[in-house]
Amino acid sequence: MKLANRLMTTGIGSLPLRDPQTALELVKSHFPECPHWPQLPVYPEEYFITQFMNPLVELGLVVHPAGKNPRFTDSDPEFWQRAAAFYDRFLQSEEGRTASEFFALPESAARGFHAFLKDLKEKGAGGARYLKGQMIGPVTAGFQVFDHQGRAAFYNDQLRDIMTRCLQMQAAWQTQQMVQFGLPAMIFVDDAFMYTYGHHEFLSLRREEIVAALSTLFTAIREHGGIPGLHVCAQADWSLAFEAGVEVLSLDAYHNFTSLLAYTEQLERFLASGGVMAWGLIPTSDSCLEETRETLAERFRGFVDTLAGKGLSREAILNSSIITPSCGTGTLTPDLARRVYDLTVDAAGLLKKTLQDW
């Protein structure tokens, strides 16, 4: 992927607003080059876990008791009959090379997404050069949805496959909806639970399972004309993302930049092959009240200096960089979320103006 404009800006996804149109206007006013659809977790249906569980809930494969995590109904005698019905739907979609409406995000679970599509159809893309979407990742989903015994579903080969195939079709469907407007569409797979790999509490988690699940989603996005991204707002083994075929790597650089330093050789190859870095430079917490565009721009220069000291090309880094908040803003107050978006734009603007001084 070759960026049309280095150091352009976009958001991660969630906003603490109720009205989809208000959220959309906030996105468009701040990120006209690369608007994202706003996720609105103020509505329980739009929690990132439940937002993508509708196909499995509809078939009775997953239930979501009030106040508890979703769980598979794998102790039910009819579970595997329902699973067969799911695979029938999956195979029909895959053979038709288009994801059926069964895997669509319903408006009740994605108000911002449907407002985003409606706005594009009615008003056009304006000055946008890219569009951005997002979805939950397979590791995060697999650790937030349990089997009937209360164990993370990701550990169960069959349940993990059902969940991954469901997310695969949803990735395909979302990509199809986004690319119809004739712009490159980046779909970020949001997988914070990738931090679990290598952690002493998750030693039974296997590398090949994570890579295979991520690769399945990335391939679906790519095959339907999109650009697969990965967002992780925690420290992670970044080699997993590179191995899985990510094209845009989004990290919480404000807190976790140093986690990249063990992977500089892979990062250099990633950038050389057209990979893009989405730097989560602006903290999505009260810390943003202590930061200014100057302090954040200086922090980013420090990132570039550090990587250049490891042998990476400054130009390669800058030409492949997007500036974003460190994570979604759905848990913040509306005023704090606006400040995060303001700082994202202002810090990137200052960096662009001062490039000649680097």
# chains A, B, ... in the order shown; residues from 1 in each chain; ligands from 1

call {"tool": "residues_around", "arguments": {"residues": "Leu267 (chain A)", "least_positions_apart": "5", "cutoff": "10 Å", "atoms": "only C-alpha atoms", "output": "JSON list (two decimals) with N, CA and C atoms, in the first residue's frame"}}
result
[["chain", "number", "residue", "atom", "x", "y", "z"],
["A", 238, "TRP", "N", 4.81, -8.80, 17.66],
["A", 238, "TRP", "CA", 4.43, -8.24, 16.37],
["A", 238, "TRP", "C", 4.79, -9.15, 15.21],
["A", 239, "SER", "N", 5.66, -10.13, 15.45],
["A", 239, "SER", "CA", 5.99, -11.06, 14.37],
["A", 239, "SER", "C", 4.76, -11.88, 13.96],
["A", 242, "PHE", "N", 3.08, -9.79, 11.25],
["A", 242, "PHE", "CA", 3.83, -9.82, 9.99],
["A", 242, "PHE", "C", 3.66, -11.17, 9.30],
["A", 249, "LEU", "N", -0.26, -1.83, 10.28],
["A", 249, "LEU", "CA", -0.07, -2.22, 11.67],
["A", 249, "LEU", "C", -0.36, -1.02, 12.56],
["A", 260, "LEU", "N", 8.02, -2.57, 19.83],
["A", 260, "LEU", "CA", 8.42, -2.77, 18.43],
["A", 260, "LEU", "C", 9.91, -3.08, 18.28],
["A", 261, "LEU", "N", 10.71, -2.69, 19.25],
["A", 261, "LEU", "CA", 12.16, -2.67, 19.06],
["A", 261, "LEU", "C", 12.77, -4.06, 18.93],
["A", 262, "ALA", "N", 12.07, -5.07, 19.37],
["A", 262, "ALA", "CA", 12.56, -6.44, 19.20],
["A", 262, "ALA", "C", 12.31, -6.97, 17.79],
["A", 272, "ALA", "N", 9.43, -1.93, 3.61],
["A", 272, "ALA", "CA", 9.97, -2.04, 2.25],
["A", 272, "ALA", "C", 8.99, -2.71, 1.30],
["A", 273, "SER", "N", 8.13, -3.57, 1.84],
["A", 273, "SER", "CA", 7.16, -4.28, 1.00],
["A", 273, "SER", "C", 5.85, -3.52, 0.84],
["A", 275, "GLY", "N", 4.19, -1.98, 3.56],
["A", 275, "GLY", "CA", 3.42, -1.94, 4.80],
["A", 275, "GLY", "C", 3.31, -0.53, 5.35],
["A", 276, "VAL", "N", 2.26, -0.29, 6.10],
["A", 276, "VAL", "CA", 1.99, 1.04, 6.68],
["A", 276, "VAL", "C", 1.88, 0.92, 8.19],
["A", 277, "MET", "N", 2.41, 1.92, 8.89],
["A", 277, "MET", "CA", 2.31, 1.99, 10.34],
["A", 277, "MET", "C", 1.27, 3.04, 10.72],
["A", 307, "LEU", "N", 14.14, 4.41, 15.73],
["A", 307, "LEU", "CA", 14.15, 3.42, 14.66],
["A", 307, "LEU", "C", 15.25, 3.70, 13.64],
["A", 312, "LEU", "N", 16.73, 1.78, 10.29],
["A", 312, "LEU", "CA", 15.61, 2.00, 9.39],
["A", 312, "LEU", "C", 15.70, 3.37, 8.75],
["A", 317, "ILE", "N", 9.98, 5.39, 6.93],
["A", 317, "ILE", "CA", 9.04, 5.46, 8.06],
["A", 317, "ILE", "C", 8.00, 6.54, 7.81]]

call {"tool": "select_by_dssp", "arguments": {"residues": "region 157-336 of chain A", "states": "alpha helix (DSSP H)", "output": "PyMOL selection string"}}
result
chain A and resi 157-179+207-223+239-244+253-256+264-272+293-309+314-319+334-336

call {"tool": "write_last_selection", "arguments": {"atoms": "C-alpha atoms", "output": "mmCIF file, in the first residue's frame"}}
result
data_model
loop_
_atom_site.group_PDB
_atom_site.id
_atom_site.type_symbol
_atom_site.label_atom_id
_atom_site.label_comp_id
_atom_site.auth_asym_id
_atom_site.auth_seq_id
_atom_site.Cartn_x
_atom_site.Cartn_y
_atom_site.Cartn_z
ATOM 1 C CA ASP A 157 -10.522 -26.141 17.877
ATOM 2 C CA GLN A 158 -14.099 -26.562 16.675
ATOM 3 C CA LEU A 159 -15.516 -23.504 18.421
ATOM 4 C CA ARG A 160 -12.560 -21.410 17.281
ATOM 5 C CA ASP A 161 -13.191 -22.487 13.701
ATOM 6 C CA ILE A 162 -16.879 -21.567 13.870
ATOM 7 C CA MET A 163 -16.050 -18.151 15.304
ATOM 8 C CA THR A 164 -13.229 -17.501 12.848
ATOM 9 C CA ARG A 165 -15.379 -18.488 9.856
ATOM 10 C CA CYS A 166 -18.130 -16.189 11.076
ATOM 11 C CA LEU A 167 -15.676 -13.303 11.391
ATOM 12 C CA GLN A 168 -14.219 -14.190 7.988
ATOM 13 C CA MET A 169 -17.601 -13.708 6.331
ATOM 14 C CA GLN A 170 -18.238 -10.521 8.258
ATOM 15 C CA ALA A 171 -14.854 -9.189 7.155
ATOM 16 C CA ALA A 172 -15.794 -10.015 3.574
ATOM 17 C CA TRP A 173 -19.224 -8.390 3.888
ATOM 18 C CA GLN A 174 -17.886 -5.198 5.477
ATOM 19 C CA THR A 175 -15.166 -4.916 2.844
ATOM 20 C CA GLN A 176 -17.706 -5.343 0.046
ATOM 21 C CA GLN A 177 -19.811 -2.547 1.479
ATOM 22 C CA MET A 178 -16.822 -0.216 1.778
ATOM 23 C CA VAL A 179 -15.156 -0.732 -1.601
ATOM 24 C CA ARG A 207 1.408 -19.426 17.721
ATOM 25 C CA GLU A 208 0.090 -21.254 14.667
ATOM 26 C CA GLU A 209 -3.511 -20.910 15.896
ATOM 27 C CA ILE A 210 -3.227 -17.133 16.176
ATOM 28 C CA VAL A 211 -1.489 -16.722 12.827
ATOM 29 C CA ALA A 212 -4.008 -18.962 11.063
ATOM 30 C CA ALA A 213 -7.001 -17.118 12.506
ATOM 31 C CA LEU A 214 -5.605 -13.669 11.693
ATOM 32 C CA SER A 215 -4.550 -14.766 8.223
ATOM 33 C CA THR A 216 -8.067 -16.022 7.517
ATOM 34 C CA LEU A 217 -9.520 -12.561 8.173
ATOM 35 C CA PHE A 218 -6.730 -10.709 6.368
ATOM 36 C CA THR A 219 -7.166 -12.917 3.311
ATOM 37 C CA ALA A 220 -10.931 -12.320 3.260
ATOM 38 C CA ILE A 221 -10.412 -8.552 3.385
ATOM 39 C CA ARG A 222 -7.741 -8.648 0.675
ATOM 40 C CA GLU A 223 -9.684 -10.970 -1.639
ATOM 41 C CA SER A 239 5.986 -11.061 14.374
ATOM 42 C CA LEU A 240 2.573 -12.757 14.532
ATOM 43 C CA ALA A 241 1.044 -9.878 12.578
ATOM 44 C CA PHE A 242 3.829 -9.818 9.989
ATOM 45 C CA GLU A 243 3.605 -13.576 9.519
ATOM 46 C CA ALA A 244 -0.181 -13.410 9.108
ATOM 47 C CA ALA A 253 2.634 3.820 20.349
ATOM 48 C CA TYR A 254 2.112 6.306 23.171
ATOM 49 C CA HIS A 255 2.416 3.525 25.738
ATOM 50 C CA ASN A 256 3.928 0.599 23.852
ATOM 51 C CA THR A 264 13.075 -3.949 13.780
ATOM 52 C CA GLU A 265 14.381 -6.275 11.061
ATOM 53 C CA GLN A 266 10.868 -7.532 10.343
ATOM 54 C CA LEU A 267 9.541 -3.983 10.525
ATOM 55 C CA GLU A 268 12.105 -2.839 7.971
ATOM 56 C CA ARG A 269 11.022 -5.604 5.566
ATOM 57 C CA PHE A 270 7.388 -4.764 6.253
ATOM 58 C CA LEU A 271 7.872 -1.128 5.288
ATOM 59 C CA ALA A 272 9.973 -2.040 2.255
ATOM 60 C CA ARG A 293 0.567 19.098 19.795
ATOM 61 C CA GLU A 294 4.191 20.060 20.498
ATOM 62 C CA THR A 295 4.814 17.367 23.113
ATOM 63 C CA LEU A 296 3.166 14.731 20.932
ATOM 64 C CA ALA A 297 5.067 15.769 17.820
ATOM 65 C CA GLU A 298 8.298 15.583 19.800
ATOM 66 C CA ARG A 299 7.360 12.118 21.027
ATOM 67 C CA PHE A 300 6.833 10.943 17.448
ATOM 68 C CA ARG A 301 10.162 12.397 16.376
ATOM 69 C CA GLY A 302 11.690 10.340 19.170
ATOM 70 C CA PHE A 303 10.096 7.202 17.735
ATOM 71 C CA VAL A 304 11.547 7.925 14.319
ATOM 72 C CA ASP A 305 14.971 8.787 15.751
ATOM 73 C CA THR A 306 15.033 5.527 17.697
ATOM 74 C CA LEU A 307 14.146 3.419 14.659
ATOM 75 C CA ALA A 308 16.599 5.321 12.477
ATOM 76 C CA GLY A 309 19.248 4.506 15.055
ATOM 77 C CA ARG A 314 13.571 7.920 8.101
ATOM 78 C CA GLU A 315 11.960 8.496 4.713
ATOM 79 C CA ALA A 316 10.601 4.962 4.628
ATOM 80 C CA ILE A 317 9.043 5.462 8.061
ATOM 81 C CA LEU A 318 7.544 8.864 7.292
ATOM 82 C CA ASN A 319 6.243 7.819 3.880
ATOM 83 C CA PRO A 334 -17.598 13.398 24.697
ATOM 84 C CA ASP A 335 -15.420 16.426 25.504
ATOM 85 C CA LEU A 336 -12.367 14.267 26.096
#

call {"tool": "closest_residue", "arguments": {"among": "A:Leu61, A:Ala110, A:Leu205, A:Leu15", "to": "Pro325 (chain A)", "atoms": "only C-alpha atoms"}}
result
A:Leu15

call {"tool": "closest_residue", "arguments": {"among": "A:Ile187, A:Ala104, A:Tyr87, A:Asn69", "to": "Gly150 (chain A)", "atoms": "only C-alpha atoms"}}
result
A:Asn69

call {"tool": "select_by_dssp", "arguments": {"residues": "region 78-223 of chain A", "states": "strand (DSSP E or B)", "output": "PDB file with N, CA and C atoms, in the first residue's frame"}}
result
ATOM      1  N   LEU A 131     -11.180   5.006   2.966  1.00  0.00           N
ATOM      2  CA  LEU A 131     -12.218   4.778   3.955  1.00  0.00           C
ATOM      3  C   LEU A 131     -11.678   3.761   4.958  1.00  0.00           C
ATOM      4  N   LYS A 132     -12.175   3.842   6.198  1.00  0.00           N
ATOM      5  CA  LYS A 132     -11.674   2.922   7.214  1.00  0.00           C
ATOM      6  C   LYS A 132     -12.827   2.268   7.967  1.00  0.00           C
ATOM      7  N   GLY A 133     -12.714   0.955   8.124  1.00  0.00           N
ATOM      8  CA  GLY A 133     -13.650   0.195   8.945  1.00  0.00           C
ATOM      9  C   GLY A 133     -12.895  -0.560  10.010  1.00  0.00           C
ATOM     10  N   GLN A 134     -13.627  -1.272  10.852  1.00  0.00           N
ATOM     11  CA  GLN A 134     -12.994  -2.018  11.933  1.00  0.00           C
ATOM     12  C   GLN A 134     -13.905  -3.163  12.358  1.00  0.00           C
ATOM     13  N   MET A 135     -13.304  -4.161  12.959  1.00  0.00           N
ATOM     14  CA  MET A 135     -14.045  -5.312  13.455  1.00  0.00           C
ATOM     15  C   MET A 135     -13.242  -5.994  14.544  1.00  0.00           C
ATOM     16  N   ILE A 136     -13.898  -6.833  15.311  1.00  0.00           N
ATOM     17  CA  ILE A 136     -13.210  -7.537  16.388  1.00  0.00           C
ATOM     18  C   ILE A 136     -12.305  -8.621  15.811  1.00  0.00           C
ATOM     19  N   PHE A 146     -17.210 -17.810  25.703  1.00  0.00           N
ATOM     20  CA  PHE A 146     -16.810 -19.027  26.408  1.00  0.00           C
ATOM     21  C   PHE A 146     -17.539 -20.257  25.866  1.00  0.00           C
ATOM     22  N   ALA A 152     -12.398 -20.222  27.696  1.00  0.00           N
ATOM     23  CA  ALA A 152     -12.294 -19.412  26.488  1.00  0.00           C
ATOM     24  C   ALA A 152     -12.460 -20.278  25.244  1.00  0.00           C
ATOM     25  N   ALA A 185     -10.188   0.764   0.886  1.00  0.00           N
ATOM     26  CA  ALA A 185     -10.839   0.587   2.183  1.00  0.00           C
ATOM     27  C   ALA A 185      -9.939  -0.210   3.109  1.00  0.00           C
ATOM     28  N   MET A 186      -9.521   0.425   4.188  1.00  0.00           N
ATOM     29  CA  MET A 186      -8.740  -0.253   5.216  1.00  0.00           C
ATOM     30  C   MET A 186      -9.688  -0.814   6.274  1.00  0.00           C
ATOM     31  N   ILE A 187      -9.557  -2.086   6.586  1.00  0.00           N
ATOM     32  CA  ILE A 187     -10.355  -2.719   7.633  1.00  0.00           C
ATOM     33  C   ILE A 187      -9.404  -3.157   8.734  1.00  0.00           C
ATOM     34  N   PHE A 188      -9.487  -2.492   9.876  1.00  0.00           N
ATOM     35  CA  PHE A 188      -8.625  -2.841  11.003  1.00  0.00           C
ATOM     36  C   PHE A 188      -9.275  -3.946  11.816  1.00  0.00           C
ATOM     37  N   VAL A 189      -8.564  -5.034  11.990  1.00  0.00           N
ATOM     38  CA  VAL A 189      -8.976  -6.107  12.890  1.00  0.00           C
ATOM     39  C   VAL A 189      -8.460  -5.744  14.278  1.00  0.00           C
ATOM     40  N   ASP A 190      -9.381  -5.508  15.193  1.00  0.00           N
ATOM     41  CA  ASP A 190      -9.033  -5.020  16.529  1.00  0.00           C
ATOM     42  C   ASP A 190      -8.861  -6.219  17.451  1.00  0.00           C
TER      43      ASP A 190
END

call {"tool": "residues_around", "arguments": {"residues": "Thr140 (chain A)", "least_positions_apart": "5", "cutoff": "9 Å", "atoms": "only C-alpha atoms", "output": "number ranges by chain"}}
result
A: 49, 145, 154, 190-194

call {"tool": "residues_around", "arguments": {"residues": "Pro70 (chain A)", "least_positions_apart": "2", "cutoff": "9 Å", "atoms": "only C-alpha atoms", "output": "PyMOL selection string"}}
result
chain A and resi 49-50+53+62-65+68+72+144-147

call {"tool": "closest_residue", "arguments": {"among": "A:Gly124, A:Arg71, A:Asn5, A:Leu59", "to": "Arg89 (chain A)", "atoms": "only C-alpha atoms"}}
result
A:Leu59

call {"tool": "closest_residue", "arguments": {"among": "A:Gly60, A:Glu94, A:Ala109, A:Val139", "to": "Gln81 (chain A)", "atoms": "only C-alpha atoms"}}
result
A:Gly60

call {"tool": "decode", "arguments": {"residues": "region 24-39 of chain A", "atoms": "N, CA and C atoms", "output": "PDB file, in the first residue's frame"}}
result
ATOM      1  N   LEU A  24     -20.792  10.900  13.145  1.00  0.00           N
ATOM      2  CA  LEU A  24     -20.267  10.910  11.787  1.00  0.00           C
ATOM      3  C   LEU A  24     -19.720  12.280  11.412  1.00  0.00           C
ATOM      4  N   GLU A  25     -20.411  13.325  11.812  1.00  0.00           N
ATOM      5  CA  GLU A  25     -19.925  14.677  11.501  1.00  0.00           C
ATOM      6  C   GLU A  25     -18.609  14.961  12.221  1.00  0.00           C
ATOM      7  N   LEU A  26     -18.469  14.452  13.443  1.00  0.00           N
ATOM      8  CA  LEU A  26     -17.208  14.616  14.168  1.00  0.00           C
ATOM      9  C   LEU A  26     -16.071  13.927  13.415  1.00  0.00           C
ATOM     10  N   VAL A  27     -16.322  12.721  12.939  1.00  0.00           N
ATOM     11  CA  VAL A  27     -15.312  11.980  12.178  1.00  0.00           C
ATOM     12  C   VAL A  27     -14.944  12.726  10.903  1.00  0.00           C
ATOM     13  N   LYS A  28     -15.938  13.121  10.143  1.00  0.00           N
ATOM     14  CA  LYS A  28     -15.686  13.757   8.845  1.00  0.00           C
ATOM     15  C   LYS A  28     -14.975  15.092   8.987  1.00  0.00           C
ATOM     16  N   SER A  29     -15.306  15.841  10.044  1.00  0.00           N
ATOM     17  CA  SER A  29     -14.666  17.148  10.226  1.00  0.00           C
ATOM     18  C   SER A  29     -13.200  17.022  10.620  1.00  0.00           C
ATOM     19  N   HIS A  30     -12.850  15.925  11.272  1.00  0.00           N
ATOM     20  CA  HIS A  30     -11.469  15.746  11.708  1.00  0.00           C
ATOM     21  C   HIS A  30     -10.634  14.931  10.727  1.00  0.00           C
ATOM     22  N   PHE A  31     -11.246  13.958  10.095  1.00  0.00           N
ATOM     23  CA  PHE A  31     -10.484  13.031   9.249  1.00  0.00           C
ATOM     24  C   PHE A  31     -11.070  12.974   7.835  1.00  0.00           C
ATOM     25  N   PRO A  32     -11.102  14.104   7.132  1.00  0.00           N
ATOM     26  CA  PRO A  32     -11.723  14.109   5.804  1.00  0.00           C
ATOM     27  C   PRO A  32     -11.008  13.231   4.795  1.00  0.00           C
ATOM     28  N   GLU A  33      -9.706  13.015   4.973  1.00  0.00           N
ATOM     29  CA  GLU A  33      -8.960  12.175   4.034  1.00  0.00           C
ATOM     30  C   GLU A  33      -9.217  10.689   4.248  1.00  0.00           C
ATOM     31  N   CYS A  34      -9.483  10.321   5.494  1.00  0.00           N
ATOM     32  CA  CYS A  34      -9.668   8.902   5.809  1.00  0.00           C
ATOM     33  C   CYS A  34     -10.719   8.753   6.913  1.00  0.00           C
ATOM     34  N   PRO A  35     -11.986   8.999   6.595  1.00  0.00           N
ATOM     35  CA  PRO A  35     -13.031   8.854   7.619  1.00  0.00           C
ATOM     36  C   PRO A  35     -13.265   7.391   7.982  1.00  0.00           C
ATOM     37  N   HIS A  36     -13.592   7.171   9.232  1.00  0.00           N
ATOM     38  CA  HIS A  36     -13.934   5.820   9.697  1.00  0.00           C
ATOM     39  C   HIS A  36     -15.390   5.808  10.108  1.00  0.00           C
ATOM     40  N   TRP A  37     -16.001   4.629  10.100  1.00  0.00           N
ATOM     41  CA  TRP A  37     -17.382   4.574  10.601  1.00  0.00           C
ATOM     42  C   TRP A  37     -17.344   4.554  12.124  1.00  0.00           C
ATOM     43  N   PRO A  38     -18.238   5.302  12.756  1.00  0.00           N
ATOM     44  CA  PRO A  38     -18.209   5.407  14.219  1.00  0.00           C
ATOM     45  C   PRO A  38     -18.971   4.279  14.899  1.00  0.00           C
ATOM     46  N   GLN A  39     -18.278   3.579  15.767  1.00  0.00           N
ATOM     47  CA  GLN A  39     -18.903   2.570  16.614  1.00  0.00           C
ATOM     48  C   GLN A  39     -19.403   3.274  17.879  1.00  0.00           C
TER      49      GLN A  39
END
